[in-house]
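protein_16.tsv follows (TSV, C-alpha atoms and all ligand atoms):
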```
chain	number	residue	atom	x	y	z
A	99	MET	CA	17.85	-22.84	-6.26
A	100	SER	CA	15.75	-21.77	-9.26
A	101	ALA	CA	14.40	-18.23	-9.39
A	102	PHE	CA	11.08	-17.38	-7.69
A	103	ARG	CA	8.64	-16.65	-10.52
A	104	PHE	CA	6.00	-13.93	-10.22
A	105	GLY	CA	2.98	-13.73	-12.49
A	106	ILE	CA	1.22	-10.40	-13.01
A	107	ALA	CA	-2.57	-10.10	-13.30
A	108	GLY	CA	-3.60	-6.66	-14.59
A	109	PRO	CA	-0.63	-5.35	-16.59
A	110	GLY	CA	-1.29	-1.60	-16.33
A	111	ALA	CA	0.70	1.42	-15.19
A	112	ILE	CA	1.80	0.21	-11.77
A	113	ALA	CA	2.58	-3.30	-13.00
A	114	HIS	CA	5.28	-1.78	-15.24
A	115	ARG	CA	6.95	-0.26	-12.20
A	116	PHE	CA	6.60	-3.51	-10.26
A	117	ALA	CA	8.27	-5.43	-13.11
A	118	LEU	CA	11.19	-2.97	-13.17
A	119	GLY	CA	11.58	-3.55	-9.43
A	120	LEU	CA	11.65	-7.33	-9.92
A	121	ALA	CA	14.62	-6.93	-12.25
A	122	GLU	CA	16.64	-5.75	-9.22
A	123	LEU	CA	16.27	-9.09	-7.44
A	124	PRO	CA	18.80	-11.76	-8.40
A	125	GLU	CA	16.64	-14.70	-7.29
A	126	VAL	CA	13.22	-13.44	-8.33
A	127	THR	CA	11.91	-13.03	-11.86
A	128	LEU	CA	8.81	-12.38	-13.96
A	129	GLY	CA	7.41	-15.67	-15.25
A	130	ALA	CA	4.15	-14.61	-16.93
A	131	VAL	CA	1.71	-11.76	-17.44
A	132	ALA	CA	-2.05	-12.21	-17.73
A	133	SER	CA	-4.65	-9.76	-18.93
A	134	ASN	CA	-8.23	-9.97	-20.10
A	135	SER	CA	-6.79	-8.66	-23.34
A	136	LYS	CA	-4.10	-10.79	-25.00
A	137	GLU	CA	-2.87	-7.64	-26.80
A	138	ARG	CA	-2.23	-5.93	-23.45
A	139	ALA	CA	-0.32	-8.95	-22.17
A	140	ASP	CA	1.71	-9.13	-25.40
A	141	ALA	CA	2.50	-5.42	-25.29
A	142	PHE	CA	3.63	-5.64	-21.68
A	143	ILE	CA	5.90	-8.59	-22.39
A	144	SER	CA	7.45	-6.86	-25.39
A	145	ASP	CA	8.15	-3.75	-23.27
A	146	HIS	CA	10.11	-5.86	-20.78
A	147	ILE	CA	11.53	-8.55	-23.08
A	148	SER	CA	15.15	-7.52	-22.49
A	149	LEU	CA	14.75	-7.94	-18.70
A	150	PHE	CA	12.60	-11.08	-18.74
A	151	PRO	CA	13.17	-12.98	-22.01
A	152	ASP	CA	11.34	-16.11	-20.76
A	153	ALA	CA	8.15	-14.42	-19.52
A	154	VAL	CA	4.93	-15.70	-21.12
A	155	PRO	CA	1.89	-13.55	-22.11
A	156	TYR	CA	-1.58	-14.93	-21.32
A	157	GLY	CA	-4.93	-13.62	-22.58
A	158	SER	CA	-6.80	-14.86	-19.49
A	159	TYR	CA	-6.27	-15.09	-15.73
A	160	ALA	CA	-7.22	-18.79	-15.87
A	161	GLN	CA	-4.08	-19.59	-17.88
A	162	LEU	CA	-1.92	-17.88	-15.27
A	163	ALA	CA	-3.73	-19.62	-12.40
A	164	THR	CA	-2.96	-23.05	-13.87
A	165	ASP	CA	0.65	-22.37	-14.88
A	166	PRO	CA	2.60	-24.72	-12.56
A	167	ASP	CA	5.78	-22.65	-12.91
A	168	ILE	CA	4.31	-19.54	-11.27
A	169	ASP	CA	5.16	-19.19	-7.57
A	170	ALA	CA	3.04	-16.12	-6.74
A	171	VAL	CA	0.67	-13.71	-8.46
A	172	TYR	CA	0.85	-9.92	-8.18
A	173	ILE	CA	-2.64	-8.44	-8.64
A	174	SER	CA	-2.64	-4.94	-10.11
A	175	ASN	CA	-6.02	-4.46	-11.71
A	176	LEU	CA	-8.67	-1.96	-10.57
A	177	ASN	CA	-9.63	-1.51	-6.91
A	178	THR	CA	-13.06	-2.98	-7.67
A	179	GLN	CA	-11.48	-6.13	-9.14
A	180	HIS	CA	-9.01	-7.01	-6.35
A	181	ALA	CA	-11.30	-9.16	-4.19
A	182	GLU	CA	-12.65	-11.37	-6.96
A	183	THR	CA	-9.25	-11.71	-8.64
A	184	ALA	CA	-7.47	-12.56	-5.39
A	185	GLU	CA	-10.04	-15.19	-4.48
A	186	PHE	CA	-9.73	-16.68	-7.96
A	187	PHE	CA	-5.95	-17.17	-7.69
A	188	LEU	CA	-6.04	-18.23	-4.03
A	189	SER	CA	-8.59	-20.90	-4.83
A	190	HIS	CA	-6.14	-22.21	-7.44
A	191	GLY	CA	-3.50	-22.41	-4.70
A	192	LYS	CA	-1.46	-19.42	-5.90
A	193	PRO	CA	0.13	-17.14	-3.28
A	194	VAL	CA	-1.09	-13.58	-3.83
A	195	LEU	CA	0.39	-10.10	-3.44
A	196	CYS	CA	-2.58	-7.75	-3.89
A	197	GLU	CA	-2.20	-4.05	-4.72
A	198	LYS	CA	-3.47	-1.40	-2.34
A	199	PRO	CA	-6.21	-0.70	-1.54
A	200	PHE	CA	-6.45	-4.38	-0.69
A	201	ALA	CA	-10.21	-4.31	-1.33
A	202	LEU	CA	-13.13	-1.88	-1.55
A	203	ASN	CA	-14.13	-2.47	2.07
A	204	ALA	CA	-13.57	-4.64	5.13
A	205	THR	CA	-16.22	-7.17	4.12
A	206	GLN	CA	-14.36	-7.95	0.90
A	207	ALA	CA	-11.04	-8.04	2.79
A	208	GLU	CA	-12.44	-10.53	5.27
A	209	ARG	CA	-13.64	-12.79	2.45
A	210	MET	CA	-10.23	-12.70	0.78
A	211	ILE	CA	-8.46	-13.52	4.04
A	212	GLN	CA	-10.85	-16.37	4.74
A	213	CYS	CA	-10.27	-17.71	1.24
A	214	ALA	CA	-6.48	-17.68	1.79
A	215	ARG	CA	-6.95	-19.54	5.08
A	216	ASN	CA	-9.35	-22.07	3.57
A	217	HIS	CA	-6.82	-22.87	0.85
A	218	ASP	CA	-3.81	-22.54	3.16
A	219	VAL	CA	-2.15	-20.05	0.80
A	220	PHE	CA	-0.04	-16.93	1.33
A	221	LEU	CA	-1.73	-13.53	0.96
A	222	MET	CA	-0.38	-9.99	1.48
A	223	GLU	CA	-1.46	-6.42	0.80
A	224	ALA	CA	1.08	-4.68	-1.45
A	225	MET	CA	1.73	-1.85	1.02
A	226	TRP	CA	5.23	-1.36	-0.43
A	227	THR	CA	6.05	1.59	1.89
A	228	ARG	CA	6.50	-0.79	4.82
A	229	PHE	CA	9.33	-2.66	3.12
A	230	LEU	CA	11.40	0.33	1.99
A	231	PRO	CA	14.82	0.87	3.59
A	232	VAL	CA	13.87	4.40	4.74
A	233	THR	CA	10.73	3.17	6.54
A	234	ARG	CA	12.72	0.38	8.15
A	235	LYS	CA	15.35	2.88	9.31
A	236	ALA	CA	12.74	5.20	10.85
A	237	LEU	CA	11.19	2.27	12.74
A	238	GLU	CA	14.66	1.19	13.88
A	239	TRP	CA	15.32	4.68	15.30
A	240	ILE	CA	12.00	4.47	17.15
A	241	ARG	CA	12.75	0.96	18.48
A	242	GLU	CA	16.14	2.18	19.69
A	243	GLY	CA	14.38	4.91	21.68
A	244	ARG	CA	16.06	7.72	19.73
A	245	ILE	CA	12.95	9.95	19.78
A	246	GLY	CA	11.67	8.65	23.12
A	247	SER	CA	8.05	7.58	23.08
A	248	PRO	CA	6.29	8.48	19.79
A	249	VAL	CA	3.30	10.68	20.64
A	250	ARG	CA	2.27	12.45	17.42
A	251	ALA	CA	2.38	11.78	13.68
A	252	TYR	CA	1.57	14.27	10.93
A	253	SER	CA	1.36	13.73	7.22
A	254	ASP	CA	0.33	15.75	4.20
A	255	PHE	CA	-0.11	13.61	1.15
A	256	GLY	CA	-1.44	15.05	-2.09
A	257	MET	CA	-1.07	14.64	-5.83
A	258	THR	CA	-2.95	16.15	-8.76
A	259	LEU	CA	-4.72	13.01	-9.94
A	260	MET	CA	-8.04	14.54	-11.00
A	261	THR	CA	-6.98	14.56	-14.63
A	262	GLU	CA	-8.04	12.88	-17.88
A	263	GLU	CA	-5.14	10.36	-17.67
A	264	ASN	CA	-6.18	9.38	-14.14
A	265	ARG	CA	-9.89	8.86	-14.70
A	266	ARG	CA	-10.06	5.78	-12.47
A	267	THR	CA	-9.08	7.81	-9.38
A	268	VAL	CA	-12.14	10.08	-9.71
A	269	ALA	CA	-14.59	7.34	-10.75
A	270	LEU	CA	-16.81	6.17	-7.89
A	271	GLU	CA	-17.72	3.02	-9.82
A	272	LYS	CA	-14.00	2.13	-10.03
A	273	GLY	CA	-13.42	2.53	-6.30
A	274	GLY	CA	-11.74	5.91	-6.75
A	275	GLY	CA	-11.16	8.74	-4.30
A	276	ALA	CA	-8.40	10.17	-2.13
A	277	LEU	CA	-8.95	7.69	0.70
A	278	LEU	CA	-8.42	4.43	-1.19
A	279	ASP	CA	-5.87	5.82	-3.60
A	280	LEU	CA	-3.64	7.85	-1.25
A	281	GLY	CA	-5.15	7.93	2.24
A	282	VAL	CA	-4.37	4.28	2.86
A	283	TYR	CA	-0.64	5.18	2.98
A	284	PRO	CA	-0.64	7.56	5.99
A	285	ILE	CA	-3.35	5.46	7.67
A	286	SER	CA	-1.23	2.32	7.32
A	287	PHE	CA	1.81	4.24	8.60
A	288	PHE	CA	-0.15	5.51	11.63
A	289	SER	CA	-1.24	1.93	12.25
A	290	MET	CA	2.41	0.83	12.46
A	291	LEU	CA	3.06	3.51	15.07
A	292	PHE	CA	-0.10	3.55	17.17
A	293	GLY	CA	-2.29	0.62	16.12
A	294	SER	CA	-5.33	0.57	13.87
A	295	GLU	CA	-8.13	1.31	16.32
A	296	PRO	CA	-8.20	4.99	17.30
A	297	GLN	CA	-10.64	5.78	20.11
A	298	GLU	CA	-11.75	9.04	18.53
A	299	ILE	CA	-11.83	10.27	14.94
A	300	LEU	CA	-12.28	13.83	13.71
A	301	THR	CA	-12.60	14.29	9.97
A	302	THR	CA	-13.69	16.60	7.20
A	303	VAL	CA	-14.11	15.81	3.50
A	304	THR	CA	-14.47	17.64	0.18
A	305	ARG	CA	-16.19	15.70	-2.57
A	306	ALA	CA	-15.61	15.85	-6.31
A	307	VAL	CA	-18.57	16.18	-8.69
A	308	THR	CA	-18.24	12.45	-9.39
A	309	GLY	CA	-19.02	11.72	-5.73
A	310	VAL	CA	-15.55	10.55	-4.67
A	311	ASP	CA	-13.59	12.19	-1.86
A	312	ALA	CA	-11.28	14.71	-3.55
A	313	SER	CA	-9.59	15.59	-0.27
A	314	PHE	CA	-9.97	14.99	3.44
A	315	GLU	CA	-8.46	15.69	6.82
A	316	ILE	CA	-8.31	13.24	9.71
A	317	ILE	CA	-7.26	13.38	13.33
A	318	PHE	CA	-7.01	10.04	15.11
A	319	ARG	CA	-6.79	10.00	18.91
A	320	TYR	CA	-5.58	6.76	20.48
A	321	GLU	CA	-6.11	5.13	23.83
A	322	GLU	CA	-4.65	7.21	26.63
A	323	GLN	CA	-2.79	6.27	29.76
A	324	ASP	CA	-2.76	8.25	32.97
A	325	ARG	CA	0.47	9.88	34.00
A	326	PRO	CA	1.25	12.44	36.72
A	327	PHE	CA	-0.62	15.72	36.06
A	328	GLY	CA	-2.44	14.46	32.99
A	329	LYS	CA	-2.77	11.92	30.24
A	330	ASP	CA	-0.32	10.34	27.86
A	331	VAL	CA	-1.98	11.46	24.61
A	332	LYS	CA	-1.15	10.00	21.20
A	333	THR	CA	-2.63	11.49	18.05
A	334	ALA	CA	-2.06	11.27	14.30
A	335	CYS	CA	-3.32	13.66	11.68
A	336	ALA	CA	-3.24	13.71	7.91
A	337	SER	CA	-4.34	15.95	5.09
A	338	VAL	CA	-4.85	13.95	1.89
A	339	SER	CA	-5.80	15.14	-1.57
A	340	ILE	CA	-6.07	13.97	-5.15
A	341	ASP	CA	-6.68	17.52	-6.38
A	342	ASN	CA	-3.55	19.24	-5.03
A	343	ALA	CA	0.11	18.35	-4.71
A	344	PHE	CA	1.46	18.47	-1.15
A	345	SER	CA	4.89	17.92	0.39
A	346	ASN	CA	4.16	14.21	0.97
A	347	SER	CA	6.08	14.07	4.20
A	348	MET	CA	5.57	12.14	7.42
A	349	ARG	CA	6.71	13.58	10.72
A	350	ILE	CA	6.79	11.48	13.88
A	351	ALA	CA	7.20	13.44	17.08
A	352	GLY	CA	8.45	11.73	20.22
A	353	THR	CA	9.15	12.81	23.76
A	354	LYS	CA	12.87	13.28	23.01
A	355	GLY	CA	13.12	13.99	19.31
A	356	TYR	CA	11.39	13.70	15.97
A	357	ILE	CA	11.78	12.01	12.61
A	358	GLU	CA	10.88	13.55	9.29
A	359	ILE	CA	10.48	11.34	6.23
A	360	LYS	CA	10.50	13.01	2.83
A	361	ASP	CA	8.19	11.51	0.20
A	362	PHE	CA	7.32	8.98	2.86
A	363	TRP	CA	5.19	6.67	0.69
A	364	MET	CA	8.16	6.01	-1.59
A	365	GLY	CA	10.80	6.42	1.12
A	366	ARG	CA	13.16	9.10	-0.19
A	367	SER	CA	15.01	10.03	3.01
A	368	ALA	CA	14.61	10.15	6.76
A	369	MET	CA	16.04	12.66	9.22
A	370	PHE	CA	16.31	12.34	12.95
A	371	PHE	CA	16.28	15.55	15.04
A	372	GLU	CA	17.03	15.67	18.74
A	373	LYS	CA	16.80	18.32	21.43
A	374	ASP	CA	19.78	20.37	22.52
A	375	PRO	CA	20.62	20.64	26.26
A	376	ASP	CA	18.28	23.68	26.55
A	377	GLY	CA	15.36	21.53	25.45
A	378	PHE	CA	14.97	23.09	21.96
A	379	PHE	CA	15.04	21.06	18.78
A	380	ARG	CA	18.21	21.46	16.78
A	381	SER	CA	17.71	22.99	13.35
A	382	ARG	CA	20.11	20.48	11.81
A	383	PRO	CA	19.36	16.77	11.90
A	384	THR	CA	21.49	14.56	14.13
A	385	GLU	CA	21.32	11.83	11.51
A	386	VAL	CA	20.21	11.65	7.89
A	387	PHE	CA	19.42	8.40	6.09
A	388	GLU	CA	19.23	8.86	2.34
A	389	PRO	CA	20.18	5.62	0.61
A	390	GLU	CA	20.69	5.52	-3.13
A	391	TYR	CA	17.21	4.94	-4.60
A	392	HIS	CA	17.39	1.63	-6.44
A	393	SER	CA	14.98	1.16	-9.34
A	394	THR	CA	11.29	1.77	-8.51
A	395	GLY	CA	11.22	0.55	-4.89
A	396	TYR	CA	8.71	-2.24	-5.54
A	397	GLN	CA	11.42	-4.90	-5.27
A	398	TYR	CA	11.36	-4.87	-1.46
A	399	GLU	CA	7.75	-6.06	-1.12
A	400	ALA	CA	8.39	-8.66	-3.84
A	401	ALA	CA	11.44	-9.94	-1.94
A	402	GLU	CA	9.29	-10.25	1.20
A	403	VAL	CA	6.72	-12.36	-0.66
A	404	ALA	CA	9.39	-14.66	-2.09
A	405	GLU	CA	11.03	-15.08	1.31
A	406	CYS	CA	7.74	-15.76	3.13
A	407	VAL	CA	6.43	-18.19	0.52
A	408	ARG	CA	9.73	-20.08	0.40
A	409	ALA	CA	9.67	-20.33	4.21
A	410	GLY	CA	6.13	-21.77	4.08
A	411	LYS	CA	4.54	-18.71	5.73
A	412	LYS	CA	0.93	-17.84	4.95
A	413	GLU	CA	1.26	-14.14	5.72
A	414	SER	CA	3.95	-11.54	6.32
A	415	PRO	CA	4.80	-10.43	9.85
A	416	VAL	CA	5.51	-6.95	8.44
A	417	MET	CA	2.06	-6.55	6.85
A	418	PRO	CA	-0.17	-8.99	8.76
A	419	LEU	CA	-3.64	-9.78	7.41
A	420	SER	CA	-5.36	-8.81	10.67
A	421	GLU	CA	-3.86	-5.33	10.33
A	422	THR	CA	-4.83	-5.06	6.66
A	423	HIS	CA	-8.39	-5.95	7.68
A	424	ALA	CA	-8.42	-3.45	10.57
A	425	ILE	CA	-7.17	-0.67	8.25
A	426	MET	CA	-9.93	-1.46	5.75
A	427	ALA	CA	-12.47	-1.31	8.61
A	428	LEU	CA	-11.07	2.06	9.69
A	429	MET	CA	-11.42	3.37	6.13
A	430	ASP	CA	-15.02	2.06	6.09
A	431	ARG	CA	-15.67	4.15	9.23
A	432	LEU	CA	-14.33	7.26	7.50
A	433	ARG	CA	-16.35	6.68	4.32
A	434	SER	CA	-19.45	6.00	6.35
A	435	SER	CA	-19.05	9.31	8.21
A	436	TRP	CA	-18.70	11.07	4.82
A	437	GLY	CA	-21.69	9.22	3.31
A	438	ILE	CA	-19.62	7.74	0.47
A	439	VAL	CA	-20.84	4.37	-0.79
A	440	PHE	CA	-19.49	2.52	-3.82
A	441	PRO	CA	-22.16	1.27	-6.26
A	442	GLN	CA	-20.84	-2.29	-5.77
A	443	GLU	CA	-21.76	-2.04	-2.08
A	444	LEU	CA	-25.38	-1.28	-2.93
A	445	LEU	CA	-25.71	-4.60	-4.76
A	446	VAL	CA	-24.71	-6.71	-1.75
A	501	LIG	N1	1.59	0.74	-5.11
A	501	LIG	C1	1.51	1.88	-5.77
A	501	LIG	O1	2.37	2.75	-5.65
A	501	LIG	C2	0.38	2.10	-6.70
A	501	LIG	C3	0.42	3.17	-7.59
A	501	LIG	C4	-0.63	3.30	-8.51
A	501	LIG	C5	-1.69	2.41	-8.48
A	501	LIG	N2	-1.71	1.41	-7.57
A	501	LIG	C6	-2.84	0.46	-7.52
A	501	LIG	O2	-2.65	-0.45	-8.60
A	501	LIG	C7	-3.90	-0.81	-9.17
A	501	LIG	C8	-3.85	-0.57	-10.68
A	501	LIG	O3	-3.62	0.80	-10.94
A	501	LIG	P1	-3.09	1.24	-12.40
A	501	LIG	O4	-2.99	2.71	-12.37
A	501	LIG	O5	-1.90	0.44	-12.77
A	501	LIG	O6	-4.36	0.82	-13.30
A	501	LIG	P2	-4.52	0.79	-14.87
A	501	LIG	O7	-3.21	0.94	-15.54
A	501	LIG	O8	-5.59	1.77	-15.22
A	501	LIG	O9	-5.14	-0.67	-15.13
A	501	LIG	C9	-4.57	-1.85	-14.62
A	501	LIG	C10	-5.39	-3.03	-15.06
A	501	LIG	O10	-6.73	-2.94	-14.58
A	501	LIG	C11	-7.65	-3.47	-15.52
A	501	LIG	N3	-8.49	-2.37	-16.04
A	501	LIG	C12	-8.15	-1.08	-16.22
A	501	LIG	N4	-9.19	-0.37	-16.72
A	501	LIG	C13	-10.20	-1.25	-16.85
A	501	LIG	C14	-11.54	-1.13	-17.31
A	501	LIG	N5	-12.03	0.04	-17.72
A	501	LIG	N6	-12.30	-2.24	-17.31
A	501	LIG	C15	-11.84	-3.42	-16.90
A	501	LIG	N7	-10.57	-3.59	-16.44
A	501	LIG	C16	-9.77	-2.52	-16.43
A	501	LIG	C17	-6.80	-4.04	-16.64
A	501	LIG	O11	-6.51	-5.38	-16.29
A	501	LIG	P3	-6.41	-6.53	-17.43
A	501	LIG	O12	-5.38	-6.00	-18.39
A	501	LIG	O13	-5.96	-7.71	-16.68
A	501	LIG	O14	-7.75	-6.67	-18.01
A	501	LIG	C18	-5.54	-3.18	-16.56
A	501	LIG	O15	-4.43	-3.77	-17.14
A	501	LIG	C19	-4.96	0.01	-8.43
A	501	LIG	O16	-5.54	-0.80	-7.44
A	501	LIG	C20	-4.19	1.13	-7.77
A	501	LIG	O17	-4.74	1.57	-6.54
A	501	LIG	C21	-0.70	1.23	-6.70
```

Target format structure tokens, applied to this file:
Amino acid sequence: MSAFRFGIAGPGAIAHRFALGLAELPEVTLGAVASNSKERADAFISDHISLFPDAVPYGSYAQLATDPDIDAVYISNLNTQHAETAEFFLSHGKPVLCEKPFALNATQAERMIQCARNHDVFLMEAMWTRFLPVTRKALEWIREGRIGSPVRAYSDFGMTLMTEENRRTVALEKGGGALLDLGVYPISFFSMLFGSEPQEILTTVTRAVTGVDASFEIIFRYEEQDRPFGKDVKTACASVSIDNAFSNSMRIAGTKGYIEIKDFWMGRSAMFFEKDPDGFFRSRPTEVFEPEYHSTGYQYEAAEVAECVRAGKKESPVMPLSETHAIMALMDRLRSSWGIVFPQELLV
């Protein structure tokens, strides 16, 4: 079987890391790179020439869309460009892996999903965290009942991104802010655990001078079930910031034990703690999963796309489109409660 060939649209910072990840996969390769600037495409190709000697640089997305040798397109341009770019490639029949945040809002996401369905083409949000071995291991522990029923999740996720080099993350007109840049990670993780429609939301936000959300806190409370003497309560909370570095962990507490994931968005390691016979949590983990970190970690989502497309699937069961849409709608609810509107939304 010939290699599955990815094309990249938007060869910027993250696309470099995605390309390095592709090099880990024996049956997947980089076939072409397209940019609105031919110089950018050329520079990207020359950076990776030793890994992908046959990859072609294009100075327009149209050339990539009509290249018959490209099996799927990875979209890694700005948040504000995702919807239009995805629809462009989908309408040319190209399967699409679209960087997070999938879109600016749920309306755009819905249009993209409809476009994929109209053209009967594969589409997936590039929520790479879901495909990492450490995430998969944590979910396996939960499925096996190791922590009992998961009832709480806590995450602190922060990086100092309000800097000159990261101007797009503080620019409202580029779809910046803590929510779309970082918040989508814990929110997507909570969605895997408890679903994407909390019954109650508590939140607080701090805005940057540019108008974007520099940091925020959320508490999600999910549907409750009665049990003797009370309710079965499930909640998730996160503190997210682009102006401070945090520990970037995810902790999932269950009725019998808990799991702690270090650097959860990139899946460094996971630890499972259980209770001792006296009912106290042991200070040492019962099990630690810390696999050797291969390359950049972006290879796992790429492998999922190749596998799904080759099997004729139109979406991934691990990151379904209905869930992507529901997460975008949840983020819309948060932004609406903070009064944050992107200029592009005013034009609609
Ligand atoms: N999965 C992750 O871990 C991760 C990490 C970081 C970022 N991301 C996401 O990846 C996407 C790209 O982020 P990045 O940091 O790689 O972006 P970037 O390097 O700043 O730019 C990527 C591409 O966006 C287009 N672009 C950038 N600035 C532009 C401008 N001023 N006007 C018009 N087009 C412009 C260009 O596309 P062309 O060259 O095609 O014109 C550029 O190559 C974002 O959606 C971000 O949220 C994901």

Using all atoms listed in the file, determine which residues fall within 8 Å of ligand LIG 501 (chain A), then list them as an MDAnalysis selection string. chainID A and resid 107:114 132:135 138:139 158:159 173:180 197:200 224:226 264 266 278:279 363:364 396

Using atom CA of A:Gln206 and atom CA of A:Met222 as the two end points, give the distance in Å to one decimal.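 Taking atom CA of A:Gln206 and atom CA of A:Met222, their separation equals 14.1 Å.
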
Identify which of the residues A:Ser247, A:Gln212, A:Ser381, A:Gln297 lies closest to A:Ser420, counting all atoms listed in the file when measuring atom-to-atom distances. A:Gln212

Which is closest to A:Gln323 among A:Val416, A:Val249, A:Val338, A:Leu188, if we use all atoms listed in the file? A:Val249

Show me as number ranges by chain the residues that reach within 12 Å of (-13.5, 13.7, -15.0), counting only C-alpha atoms and using the file's own coordinates. A: 259-270, 274, 306-310, 312, 341

Spatial neighbours of stretch 425-442 of chain A, max dist 6 Å, all atoms listed in the file, sep filter under 4 positions, as a PyMOL selection string: chain A and resi 203-204+271

Using all atoms listed in the file, find the one residue out of A:Ala130, A:Ala334, A:Val194, A:Ala343 that sits nearest to A:Glu295. A:Ala334

Mind checking which residues fall within 9 Å of A:Leu221, counting all atoms listed in the file, ignoring those fewer than 6 positions away in the same chain, and posting them as a PDB file with C-alpha atoms, in the coordinates of the input?
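Full text of part_18.pdb as output:
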```
ATOM      1  CA  ALA A 184      -7.470 -12.560  -5.390  1.00  0.00           C
ATOM      2  CA  LEU A 188      -6.040 -18.230  -4.030  1.00  0.00           C
ATOM      3  CA  PRO A 193       0.130 -17.140  -3.280  1.00  0.00           C
ATOM      4  CA  VAL A 194      -1.090 -13.580  -3.830  1.00  0.00           C
ATOM      5  CA  LEU A 195       0.390 -10.100  -3.440  1.00  0.00           C
ATOM      6  CA  CYS A 196      -2.580  -7.750  -3.890  1.00  0.00           C
ATOM      7  CA  MET A 210     -10.230 -12.700   0.780  1.00  0.00           C
ATOM      8  CA  ILE A 211      -8.460 -13.520   4.040  1.00  0.00           C
ATOM      9  CA  ALA A 214      -6.480 -17.680   1.790  1.00  0.00           C
ATOM     10  CA  ARG A 215      -6.950 -19.540   5.080  1.00  0.00           C
ATOM     11  CA  VAL A 403       6.720 -12.360  -0.660  1.00  0.00           C
ATOM     12  CA  LYS A 412       0.930 -17.840   4.950  1.00  0.00           C
ATOM     13  CA  GLU A 413       1.260 -14.140   5.720  1.00  0.00           C
ATOM     14  CA  SER A 414       3.950 -11.540   6.320  1.00  0.00           C
ATOM     15  CA  LEU A 419      -3.640  -9.780   7.410  1.00  0.00           C
TER      16      LEU A 419
END
```

Go ahead and compute the interatomic distance for atom CA of A:Ile240 and atom CA of A:Lys411, in Å to one decimal.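 Atom-to-atom, atom CA of A:Ile240 and atom CA of A:Lys411 are spaced 26.9 Å apart.
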